[in-house]
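Dropping final.csv in here (CSV, C-alpha atoms):
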```
chain,number,residue,atom,x,y,z
A,1,MET,CA,-25.9,-32.4,-7.2
A,2,LYS,CA,-26.7,-31.5,-3.6
A,3,ILE,CA,-26.0,-28.0,-2.5
A,4,LEU,CA,-25.7,-26.4,1.0
A,5,TYR,CA,-26.5,-22.6,0.8
A,6,TYR,CA,-25.1,-20.2,3.4
A,7,MET,CA,-26.6,-16.7,3.9
A,8,ASN,CA,-27.1,-14.1,6.6
A,9,THR,CA,-30.3,-13.3,8.5
A,10,PHE,CA,-31.2,-10.4,6.2
A,11,PHE,CA,-31.3,-12.4,3.0
A,12,ALA,CA,-33.1,-15.3,4.9
A,13,GLY,CA,-35.8,-12.8,5.7
A,14,LEU,CA,-35.1,-13.0,9.5
A,15,GLY,CA,-34.1,-9.4,10.0
A,16,GLY,CA,-31.1,-7.0,9.4
A,17,GLU,CA,-28.9,-5.6,12.1
A,18,GLN,CA,-31.4,-6.5,14.8
A,19,ALA,CA,-30.8,-10.2,14.0
A,20,ALA,CA,-27.0,-9.8,13.5
A,21,ASP,CA,-26.4,-11.7,16.7
A,22,ASN,CA,-28.6,-14.7,15.7
A,23,PRO,CA,-26.6,-18.0,16.0
A,24,LEU,CA,-26.2,-20.4,13.1
A,25,VAL,CA,-29.4,-22.3,12.2
A,26,PHE,CA,-30.0,-24.9,9.5
A,27,PHE,CA,-33.3,-24.6,7.7
A,28,LYS,CA,-34.6,-27.6,5.8
A,29,GLU,CA,-35.5,-25.5,2.7
A,30,ALA,CA,-34.0,-23.2,0.1
A,31,LYS,CA,-34.5,-19.8,1.7
A,32,GLY,CA,-34.2,-16.4,0.0
A,33,PRO,CA,-31.6,-16.5,-2.8
A,34,ALA,CA,-31.2,-20.2,-2.5
A,35,GLY,CA,-34.7,-20.5,-4.0
A,36,GLY,CA,-33.6,-18.2,-6.8
A,37,LEU,CA,-30.6,-20.3,-7.5
A,38,LEU,CA,-32.6,-23.5,-7.5
A,39,ALA,CA,-35.1,-22.0,-10.1
A,40,ASN,CA,-32.1,-21.5,-12.4
A,41,LEU,CA,-30.6,-24.9,-11.8
A,42,GLY,CA,-33.3,-27.5,-12.7
A,43,ALA,CA,-34.6,-30.7,-11.3
A,44,GLU,CA,-31.3,-32.6,-11.1
A,45,PHE,CA,-30.1,-30.2,-8.4
A,46,GLU,CA,-31.3,-29.9,-4.8
A,47,ILE,CA,-30.7,-27.4,-2.0
A,48,PRO,CA,-32.1,-29.3,0.9
A,49,GLU,CA,-30.8,-27.0,3.5
A,50,THR,CA,-29.9,-23.4,4.1
A,51,ALA,CA,-27.4,-22.3,6.7
A,52,VAL,CA,-28.3,-18.9,8.2
A,53,ALA,CA,-26.3,-16.9,10.7
A,54,GLY,CA,-26.3,-13.3,11.8
A,55,ASP,CA,-23.2,-11.3,10.6
A,56,ASN,CA,-22.1,-10.4,14.1
A,57,TYR,CA,-22.4,-14.0,15.2
A,58,ALA,CA,-20.4,-15.2,12.3
A,59,ALA,CA,-17.7,-12.6,13.1
A,60,THR,CA,-17.5,-13.4,16.9
A,61,HIS,CA,-18.2,-17.1,16.9
A,62,LEU,CA,-16.5,-18.1,13.7
A,63,GLU,CA,-14.9,-21.3,15.0
A,64,ASP,CA,-18.1,-22.6,16.5
A,65,MET,CA,-20.0,-21.8,13.3
A,66,LEU,CA,-17.4,-23.5,11.1
A,67,ASP,CA,-17.4,-26.5,13.3
A,68,ALA,CA,-21.2,-26.9,12.9
A,69,ILE,CA,-21.0,-26.4,9.1
A,70,CYS,CA,-18.1,-28.9,8.9
A,71,LYS,CA,-20.2,-31.4,10.7
A,72,LYS,CA,-23.2,-30.7,8.4
A,73,LEU,CA,-21.0,-31.1,5.3
A,74,ASN,CA,-19.7,-34.4,6.6
A,75,GLU,CA,-23.1,-35.8,7.5
A,76,GLY,CA,-25.0,-34.4,4.5
A,77,LYS,CA,-22.5,-35.4,1.8
A,78,PHE,CA,-23.0,-32.1,-0.1
A,79,ASP,CA,-21.4,-31.7,-3.5
A,80,CYS,CA,-21.4,-27.9,-3.5
A,81,VAL,CA,-21.5,-24.9,-1.2
A,82,VAL,CA,-22.9,-21.6,-2.3
A,83,ALA,CA,-22.6,-18.5,-0.1
A,84,GLY,CA,-24.0,-14.9,-0.5
A,85,PRO,CA,-23.8,-13.0,-2.7
A,86,ALA,CA,-22.4,-10.6,-0.1
A,87,PHE,CA,-22.4,-7.6,-2.5
A,88,ASN,CA,-20.2,-5.0,-0.7
A,89,ALA,CA,-20.9,-6.0,2.9
A,90,GLY,CA,-17.7,-6.5,4.8
A,91,ARG,CA,-18.8,-8.9,7.6
A,92,TYR,CA,-21.0,-10.9,5.3
A,93,ALA,CA,-18.4,-11.4,2.6
A,94,GLN,CA,-15.9,-12.5,5.3
A,95,ALA,CA,-18.3,-15.0,6.7
A,96,CYS,CA,-19.1,-16.3,3.1
A,97,HIS,CA,-15.4,-16.7,2.4
A,98,GLU,CA,-14.8,-18.6,5.6
A,99,VAL,CA,-17.6,-21.0,4.8
A,100,CYS,CA,-16.4,-21.4,1.2
A,101,LYS,CA,-12.8,-21.9,2.3
A,102,LEU,CA,-13.9,-24.7,4.7
A,103,ALA,CA,-15.8,-26.4,1.9
A,104,ALA,CA,-13.0,-25.9,-0.7
A,105,ASP,CA,-10.4,-27.4,1.8
A,106,LYS,CA,-12.6,-30.5,1.9
A,107,GLY,CA,-12.6,-30.7,-1.9
A,108,ILE,CA,-16.2,-29.5,-2.2
A,109,LEU,CA,-17.1,-27.0,-5.0
A,110,ALA,CA,-17.3,-23.7,-3.2
A,111,ILE,CA,-18.9,-20.5,-4.7
A,112,MET,CA,-19.7,-17.1,-3.4
A,113,GLY,CA,-20.6,-13.7,-4.9
A,114,MET,CA,-19.4,-10.2,-4.0
A,115,ASP,CA,-18.7,-6.8,-5.5
A,116,VAL,CA,-15.5,-6.2,-7.4
A,117,ASP,CA,-14.5,-3.3,-5.2
A,118,ALA,CA,-15.5,-4.9,-1.9
A,119,PRO,CA,-12.5,-5.4,0.5
A,120,GLY,CA,-11.0,-8.8,0.6
A,121,ARG,CA,-12.2,-9.8,-2.9
A,122,GLU,CA,-8.7,-10.6,-4.2
A,123,GLU,CA,-7.8,-12.7,-1.1
A,124,TYR,CA,-11.1,-14.6,-1.2
A,125,SER,CA,-10.8,-15.3,-4.9
A,126,LYS,CA,-7.7,-17.5,-4.1
A,127,ASP,CA,-9.7,-19.9,-2.0
A,128,CYS,CA,-13.0,-20.3,-3.8
A,129,PHE,CA,-14.9,-19.3,-6.9
A,130,VAL,CA,-16.0,-15.7,-6.4
A,131,PHE,CA,-18.6,-14.3,-8.8
A,132,PRO,CA,-19.2,-10.5,-9.4
A,133,SER,CA,-22.5,-9.5,-7.9
A,134,GLY,CA,-22.5,-5.7,-8.1
A,135,SER,CA,-22.6,-3.6,-5.0
A,136,SER,CA,-26.3,-4.1,-4.0
A,137,ALA,CA,-29.0,-6.7,-3.9
A,138,ALA,CA,-30.2,-5.3,-7.3
A,139,GLY,CA,-27.4,-7.5,-8.8
A,140,MET,CA,-29.0,-10.7,-7.5
A,141,ARG,CA,-31.0,-11.3,-10.6
A,142,LYS,CA,-28.0,-11.2,-12.9
A,143,THR,CA,-25.7,-13.1,-10.5
A,144,LEU,CA,-27.7,-16.2,-9.7
A,145,PRO,CA,-28.1,-17.4,-13.3
A,146,VAL,CA,-24.4,-17.0,-13.9
A,147,ILE,CA,-23.6,-19.0,-10.8
A,148,ALA,CA,-26.2,-21.6,-11.8
A,149,ALA,CA,-24.7,-22.0,-15.3
A,150,PHE,CA,-21.3,-22.5,-13.7
A,151,ILE,CA,-22.6,-25.2,-11.3
A,152,LYS,CA,-24.3,-27.0,-14.2
A,153,ARG,CA,-21.0,-27.0,-16.2
A,154,ARG,CA,-19.1,-28.4,-13.2
A,155,ALA,CA,-21.8,-31.0,-12.6
A,156,ALA,CA,-21.5,-32.1,-16.3
A,157,GLY,CA,-17.8,-32.6,-15.8
A,158,GLU,CA,-16.9,-29.9,-18.4
A,159,GLU,CA,-13.3,-28.7,-18.3
A,160,LEU,CA,-12.8,-25.5,-16.4
A,161,LYS,CA,-12.1,-22.6,-18.7
A,162,PRO,CA,-10.3,-19.3,-17.9
A,163,ALA,CA,-12.0,-17.1,-15.3
A,164,ALA,CA,-13.1,-14.5,-17.8
A,165,GLU,CA,-15.0,-17.2,-19.8
A,166,GLU,CA,-16.5,-18.8,-16.7
A,167,GLY,CA,-17.6,-15.5,-15.3
A,168,HIS,CA,-15.8,-15.5,-11.9
A,169,PHE,CA,-13.0,-13.3,-10.6
A,170,PRO,CA,-9.5,-14.6,-11.4
A,171,ARG,CA,-8.1,-17.0,-8.8
A,172,GLY,CA,-4.5,-16.3,-9.5
A,173,ILE,CA,-4.0,-19.8,-11.0
A,174,ARG,CA,-1.9,-19.9,-14.2
A,175,LYS,CA,-2.5,-22.8,-16.6
A,176,ILE,CA,-0.1,-23.5,-19.4
A,177,VAL,CA,-1.8,-23.6,-22.8
A,178,ILE,CA,-0.6,-23.5,-26.4
A,179,ARG,CA,-1.7,-20.3,-28.2
A,180,ASP,CA,-2.1,-20.1,-32.0
A,181,ARG,CA,0.3,-17.1,-32.3
A,182,CYS,CA,3.4,-16.3,-30.5
A,183,ALA,CA,3.5,-13.7,-27.7
A,184,ALA,CA,5.3,-11.1,-29.8
A,185,ALA,CA,2.6,-11.3,-32.4
A,186,ARG,CA,-0.2,-11.0,-29.9
A,187,ALA,CA,1.5,-8.1,-28.2
A,188,LEU,CA,1.8,-6.3,-31.5
A,189,ASP,CA,-1.9,-7.0,-32.1
A,190,MET,CA,-2.7,-5.3,-28.8
A,191,LEU,CA,-0.4,-2.4,-29.6
A,192,GLU,CA,-2.0,-1.9,-32.9
A,193,LEU,CA,-5.5,-1.7,-31.3
A,194,LYS,CA,-4.3,0.6,-28.5
A,195,LEU,CA,-2.7,3.0,-31.0
A,196,ALA,CA,-5.9,3.1,-33.0
A,197,GLY,CA,-7.8,3.9,-29.9
A,198,LYS,CA,-9.7,0.6,-30.2
A,199,PRO,CA,-10.5,-1.7,-27.2
A,200,PHE,CA,-8.3,-4.6,-26.5
A,201,VAL,CA,-8.1,-7.3,-23.8
A,202,THR,CA,-4.9,-7.6,-21.8
A,203,GLU,CA,-3.7,-11.1,-21.1
A,204,ASN,CA,-2.2,-10.2,-17.8
A,205,HIS,CA,-4.4,-8.1,-15.6
A,206,VAL,CA,-2.7,-7.2,-12.4
A,207,HIS,CA,-4.8,-5.5,-9.8
A,208,VAL,CA,-3.3,-5.2,-6.4
A,209,LEU,CA,-4.0,-3.0,-3.4
A,210,GLU,CA,-1.3,-0.4,-2.8
A,211,ARG,CA,0.9,-1.6,0.1
A,212,ILE,CA,1.8,1.2,2.4
A,213,THR,CA,5.2,1.3,4.2
A,214,PRO,CA,4.5,1.8,7.9
A,215,ALA,CA,5.1,5.3,9.2
A,216,PRO,CA,8.1,5.6,11.5
A,217,PRO,CA,7.2,5.5,15.2
A,218,VAL,CA,6.4,8.8,17.0
A,219,ASP,CA,7.8,10.0,20.3
A,220,LEU,CA,4.6,10.0,22.3
A,221,LYS,CA,5.8,12.6,24.8
A,222,ASN,CA,6.1,15.1,22.0
A,223,ALA,CA,3.2,13.8,19.9
A,224,VAL,CA,-0.1,15.5,19.0
A,225,ILE,CA,-2.5,12.7,18.3
A,226,GLY,CA,-5.6,13.0,16.2
A,227,LEU,CA,-8.8,10.9,16.0
A,228,ALA,CA,-10.8,9.7,13.1
A,229,ASN,CA,-13.5,7.1,12.5
A,230,THR,CA,-15.2,5.3,9.7
A,231,GLY,CA,-18.1,4.4,12.0
A,232,GLY,CA,-20.1,7.4,10.7
A,233,LEU,CA,-20.2,9.2,14.0
A,234,PHE,CA,-21.5,12.7,13.3
A,235,PRO,CA,-23.1,15.5,15.4
A,236,LYS,CA,-26.8,14.9,16.1
A,237,GLY,CA,-28.8,15.8,13.0
A,238,ASN,CA,-25.8,15.1,10.6
A,239,PRO,CA,-25.4,18.8,9.8
A,240,ASP,CA,-23.1,18.1,6.8
A,241,HIS,CA,-25.5,15.6,5.4
A,242,CYS,CA,-22.8,12.9,5.1
A,243,ARG,CA,-23.9,9.7,3.5
A,244,SER,CA,-24.4,6.6,5.6
A,245,ARG,CA,-22.1,4.6,3.4
A,246,GLY,CA,-19.5,4.9,0.6
A,247,GLY,CA,-16.7,6.5,2.5
A,248,ASP,CA,-16.8,9.4,0.0
A,249,THR,CA,-18.4,12.1,2.3
A,250,TRP,CA,-16.8,13.2,5.5
A,251,GLY,CA,-16.8,15.9,8.1
A,252,LYS,CA,-14.6,17.6,10.8
A,253,TYR,CA,-16.1,17.9,14.3
A,254,ASP,CA,-14.8,19.8,17.3
A,255,PHE,CA,-14.9,18.6,20.8
A,256,LYS,CA,-12.9,21.5,22.3
A,257,GLY,CA,-12.7,21.4,26.1
A,258,GLN,CA,-14.8,18.2,26.4
A,259,ASP,CA,-13.5,15.3,28.5
A,260,ALA,CA,-15.8,12.9,26.7
A,261,LEU,CA,-18.3,12.8,23.9
A,262,VAL,CA,-21.8,13.4,25.4
A,263,PRO,CA,-24.6,11.0,24.5
A,264,GLY,CA,-27.4,12.8,22.7
A,265,GLU,CA,-25.0,15.3,21.0
A,266,TRP,CA,-23.8,12.7,18.5
A,267,GLU,CA,-25.2,9.9,16.4
A,268,ALA,CA,-24.0,7.1,14.2
A,269,ILE,CA,-25.2,7.5,10.6
A,270,HIS,CA,-24.0,4.2,9.1
A,271,SER,CA,-25.9,1.6,7.2
A,272,GLY,CA,-23.6,-1.2,8.1
A,273,TYR,CA,-24.2,-1.7,11.8
A,274,SER,CA,-26.7,-1.1,14.5
A,275,ALA,CA,-26.2,2.4,16.0
A,276,GLU,CA,-27.8,1.5,19.3
A,277,TYR,CA,-24.6,1.3,21.4
A,278,ALA,CA,-22.9,4.2,19.6
A,279,ASP,CA,-25.8,6.5,20.2
A,280,ARG,CA,-25.8,5.4,23.9
A,281,ASN,CA,-22.1,6.0,24.2
A,282,PRO,CA,-20.4,7.8,21.3
A,283,ASN,CA,-17.0,7.2,22.9
A,284,TYR,CA,-17.3,3.6,21.8
A,285,ILE,CA,-16.8,4.9,18.2
A,286,GLU,CA,-14.5,7.9,19.0
A,287,PRO,CA,-12.8,7.2,22.3
A,288,VAL,CA,-12.4,10.9,23.4
A,289,SER,CA,-13.0,9.9,27.1
A,290,ILE,CA,-10.1,7.5,27.2
A,291,MET,CA,-7.8,9.7,25.1
A,292,ARG,CA,-8.5,12.6,27.5
A,293,GLU,CA,-7.5,10.3,30.5
A,294,LEU,CA,-4.2,9.4,28.7
A,295,GLU,CA,-3.6,13.0,27.8
A,296,LYS,CA,-4.0,14.2,31.4
A,297,GLU,CA,-1.6,11.4,32.6
A,298,GLY,CA,1.0,12.7,30.2
A,299,LYS,CA,1.0,9.6,27.9
A,300,PHE,CA,1.3,12.0,24.9
A,301,LYS,CA,1.7,15.7,24.5
A,302,ARG,CA,-1.8,16.7,23.3
A,303,LEU,CA,-5.0,15.5,21.8
A,304,HIS,CA,-6.1,17.3,18.6
A,305,GLU,CA,-9.6,18.6,19.4
A,306,THR,CA,-11.2,17.9,16.1
A,307,PHE,CA,-12.0,14.4,14.8
A,308,LEU,CA,-12.8,13.4,11.2
A,309,ALA,CA,-15.6,11.0,10.4
A,310,THR,CA,-17.0,9.1,7.5
A,311,ALA,CA,-19.2,6.1,7.0
A,312,GLY,CA,-16.9,3.6,5.4
A,313,ASN,CA,-19.1,0.6,4.5
A,314,GLY,CA,-19.6,-0.2,0.8
A,315,GLY,CA,-16.9,2.3,-0.1
A,316,ALA,CA,-15.1,1.8,-3.4
A,317,VAL,CA,-11.4,1.5,-3.0
A,318,GLY,CA,-10.8,4.7,-5.1
A,319,ASP,CA,-13.2,6.7,-3.0
A,320,CYS,CA,-11.8,5.5,0.3
A,321,THR,CA,-8.3,6.2,-0.9
A,322,GLU,CA,-9.3,9.8,-1.7
A,323,THR,CA,-10.9,10.3,1.7
A,324,GLY,CA,-7.9,8.8,3.5
A,325,GLN,CA,-5.6,11.1,1.6
A,326,ALA,CA,-7.9,14.1,2.6
A,327,PHE,CA,-7.7,13.0,6.2
A,328,ALA,CA,-4.0,12.7,6.1
A,329,THR,CA,-3.6,16.2,4.5
A,330,TYR,CA,-5.9,17.7,7.1
A,331,PHE,CA,-4.0,16.2,10.0
A,332,LYS,CA,-0.6,17.1,8.6
A,333,ASN,CA,-1.6,20.7,8.1
A,334,GLN,CA,-2.8,20.8,11.7
A,335,GLY,CA,0.5,19.6,13.0
A,336,VAL,CA,-0.8,16.2,14.1
A,337,ASN,CA,1.9,13.6,14.4
A,338,ALA,CA,-0.2,10.4,14.6
A,339,VAL,CA,-3.8,9.3,14.2
A,340,ILE,CA,-6.0,6.7,15.8
A,341,LEU,CA,-8.5,5.6,13.2
A,342,VAL,CA,-11.5,3.7,14.7
A,343,SER,CA,-13.2,1.3,12.2
A,344,THR,CA,-16.5,-0.5,12.7
P,1,MET,CA,-13.3,-7.0,11.6
P,2,TYR,CA,-9.6,-6.6,12.2
P,3,THR,CA,-8.9,-9.3,9.6
P,4,LEU,CA,-10.5,-7.0,7.0
P,5,SER,CA,-8.0,-4.3,8.0
P,6,TYR,CA,-5.2,-6.7,7.8
P,7,ASN,CA,-6.2,-8.0,4.3
P,8,SER,CA,-6.6,-4.4,3.2
P,9,GLY,CA,-3.0,-3.7,4.1
P,10,GLY,CA,-3.3,-1.8,7.4
P,11,THR,CA,0.1,-1.5,9.1
P,12,ARG,CA,-0.8,-1.0,12.7
P,13,ILE,CA,-4.0,-2.8,13.7
P,14,CYS,CA,-5.5,-3.3,17.1
P,15,SER,CA,-8.6,-5.4,17.6
P,16,GLY,CA,-11.6,-3.9,19.4
P,17,GLY,CA,-14.9,-4.9,21.0
P,18,ASN,CA,-17.4,-5.5,18.3
P,19,ILE,CA,-18.4,-3.9,15.0
P,20,SER,CA,-21.1,-1.8,16.8
P,21,HIS,CA,-18.8,-0.8,19.8
P,22,PRO,CA,-15.2,-1.2,18.7
P,23,CYS,CA,-13.7,0.7,21.7
P,24,GLY,CA,-15.7,-1.0,24.4
P,25,ASN,CA,-18.1,-3.7,25.5
P,26,PRO,CA,-21.6,-2.6,26.8
P,27,ALA,CA,-22.2,-6.2,28.0
P,28,LEU,CA,-19.7,-5.6,30.7
P,29,PRO,CA,-20.4,-3.8,34.0
P,30,GLU,CA,-19.3,-0.2,33.8
P,31,GLU,CA,-16.0,-0.6,35.6
P,32,ARG,CA,-14.9,-3.5,33.4
P,33,ASP,CA,-16.2,-1.8,30.3
P,34,HIS,CA,-14.0,1.2,31.1
P,35,ALA,CA,-11.0,-1.1,31.8
P,36,PHE,CA,-11.6,-2.8,28.4
P,37,MET,CA,-11.9,0.6,26.6
P,38,ARG,CA,-8.8,1.8,28.3
P,39,LYS,CA,-6.8,-1.4,27.4
P,40,THR,CA,-8.0,-1.2,23.7
P,41,VAL,CA,-7.2,2.5,23.2
P,42,GLU,CA,-4.0,2.5,25.2
P,43,THR,CA,-2.7,-0.5,23.1
P,44,ALA,CA,-3.5,1.5,20.0
P,45,VAL,CA,-1.7,4.5,21.3
P,46,ASN,CA,1.4,2.4,22.3
P,47,MET,CA,1.5,1.0,18.8
P,48,LEU,CA,2.1,4.5,17.4
P,49,ALA,CA,5.4,4.5,19.2
P,50,GLU,CA,6.5,1.1,17.9
P,51,GLN,CA,8.7,0.4,15.0
P,52,VAL,CA,6.7,-1.8,12.6
P,53,GLU,CA,7.9,-3.7,9.5
P,54,GLY,CA,5.1,-4.7,7.2
P,55,GLN,CA,2.1,-5.1,9.3
P,56,LYS,CA,1.4,-5.5,13.0
P,57,LEU,CA,-1.8,-6.9,14.5
P,58,VAL,CA,-2.6,-7.0,18.2
P,59,VAL,CA,-5.7,-8.9,19.2
P,60,ILE,CA,-7.1,-7.8,22.6
P,61,GLU,CA,-8.9,-10.4,24.6
P,62,ARG,CA,-12.5,-9.4,25.1
```
Take the structure in this file and express it as C-alpha cells.
Amino acid sequence: MKILYYMNTFFAGLGGEQAADNPLVFFKEAKGPAGGLLANLGAEFEIPETAVAGDNYAATHLEDMLDAICKKLNEGKFDCVVAGPAFNAGRYAQACHEVCKLAADKGILAIMGMDVDAPGREEYSKDCFVFPSGSSAAGMRKTLPVIAAFIKRRAAGEELKPAAEEGHFPRGIRKIVIRDRCAAARALDMLELKLAGKPFVTENHVHVLERITPAPPVDLKNAVIGLANTGGLFPKGNPDHCRSRGGDTWGKYDFKGQDALVPGEWEAIHSGYSAEYADRNPNYIEPVSIMRELEKEGKFKRLHETFLATAGNGGAVGDCTETGQAFATYFKNQGVNAVILVST
Amino acid sequence: MYTLSYNSGGTRICSGGNISHPCGNPALPEERDHAFMRKTVETAVNMLAEQVEGQKLVVIER
C-alpha cells in the first residue's frame, strides 16, 4: 500500500509559527510522524512522499494547496492518505480534514488524528476516519500504532467493524446488523448494570454541540457594545497570569479614555499564533481604535471601556463554555447590550 | 478560521484578516490597512443589528 502523508511545518521539523506561511512542499521521504507510522506498518507499506505546509498557508491558500495535492494523488496512484495527528490545533486539524476529505471523495482511504474535544471533530469524522490522539504530541506514540493497525486491516481486506472496535471516532454511519438478543432485553441488561452502579456501554452515544438561538438584533443607536477576544491579548506582563491556551483563565482590562490600544502596553500571550503583529498593533486583536471612531460618529450609543480576554486555543468545550458564560454574565451585569468577540 | 466558528455553531460570524491579525492586514499600506480594519469591524457591528435565523457568515474580501 502506498501512502501520502500530510503534516504541518512544525511536525516536519521546519519550524512552528515562524514557518506557518510556508507553502506546500512535497518531500520524497517519510518525515516526522510519517517515519513513526512506517515503523509500525512493515515492509509491504511505503510512504514515498510527505506533503508539508504551514498552517497559515493551508488556511489562506486552501484551494491552491488542494489542487496540488489532488494532482499528486492522481499522478502518484496513492492508496491511502494520512494527515496529522492535529491534536487540539484548530488550523492544523482543519487543514488535515480538507486533505482527507479530498482523498476520501476520490475513493482513497483517508485517515487523520485529533483530540476528542478539539473543535470540528464531529464534522470531520463524517468525511474521513478520525482517530483520537489526545490533546498534545505526547499522544503520538499511542496513536500511530492504532492507525497503523487500522491501515493493515484495510489493506488485508478485512470487513470494517464498528468505530469503537476499530478505534476511530464514530462517523455517523449506521449499519443494520442482527443482534443475539432483542433490544428490550439489552436495554434491561443496561438498566440492571446502571442500577447496580456498574459500568455499561450505551449503544447510542449522542454527543452534539449545543446549538444557540441567535440573540435578537439590537438597536445600535441605543446600544452599549462590549469587546472580548480569544486571542490572549493581556496587559504587558500578563498581571493576572492567564494561561496561553485552554480558554479556562481570563481577565478584565480597562481602556478608559483611550482612543486606541497603545503598542507596548499590551501583549498577546497565546500559544497558537505568532504574536508579532498583535504586539505591534494590539488593535488587530481588540479593535478599540475602530470602535472609538464608530462611537464618535454615533454608530452606536457607547463603547464599554473594559474588554475581556482569554487564550482560546486547545480549550476543552466544557471549559470554553464556562468562560463564555462568565463573559456573558459580566457583560449583562454591566448593562452591555451586544458584544464583538474577536477570535484568532 | 471563520469556518471553525461556523462549525462550532456561531450565529453571527464575520471573517477577518488572518489568524495573527484578525482585524487588519499589516501587509497593506497604512491607509488601506485602516480601511480594511474599518470594513471588518463595521461589518461586525452592523450584524449586531440584523435579524439572524440559524447562522450568518459574512466573508470580507481581503
Item to check | Residue contacts of Thr3 (chain P) (9 Å, all atoms listed in the file) excluding same-chain residues fewer than 6 positions away, as a ChimeraX atom specification | outcome: /A:94 /P:15,57
Checklist entry - Which chain P residues are at most 7 Å from chain A (counting all atoms listed in the file), as a PyMOL selection string? => result chain P and resi 4+7-9+11+19-24+38+48-54
Item to check | Counting only C-alpha atoms, the residue of A:His304, A:Arg181, A:Arg292, A:Lys126 that sits nearest Asp254 (chain A) | outcome: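 Among the listed residues, the smallest separation from Asp254 (chain A) belongs to A:His304.
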Checklist entry - Which value, in Å to one decimal, gives the distance between CA of Leu160 (chain A) and CA of Gly172 (chain A)? => result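 The value is 14.2 Å.
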Checklist entry - So what do you get for CA of Asp319 (chain A) versus CA of Gln55 (chain P), distance-wise? => result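 So the two atoms, CA of Asp319 (chain A) and CA of Gln55 (chain P), lie 22.9 Å apart.
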Checklist entry - In Å, how far is it from CA of Trp250 (chain A) to CA of Leu308 (chain A)? => result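 CA of Leu308 (chain A) lies 7.0 Å from CA of Trp250 (chain A).
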Next on the checklist: So, with only C-alpha atoms as the atoms that count, which of A:Leu41, A:Leu193, A:Ala19, A:Ala51 lies closest to Phe150 (chain A)?
Outcome noted: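 Distance minimum relative to Phe150 (chain A) lands on A:Leu41.
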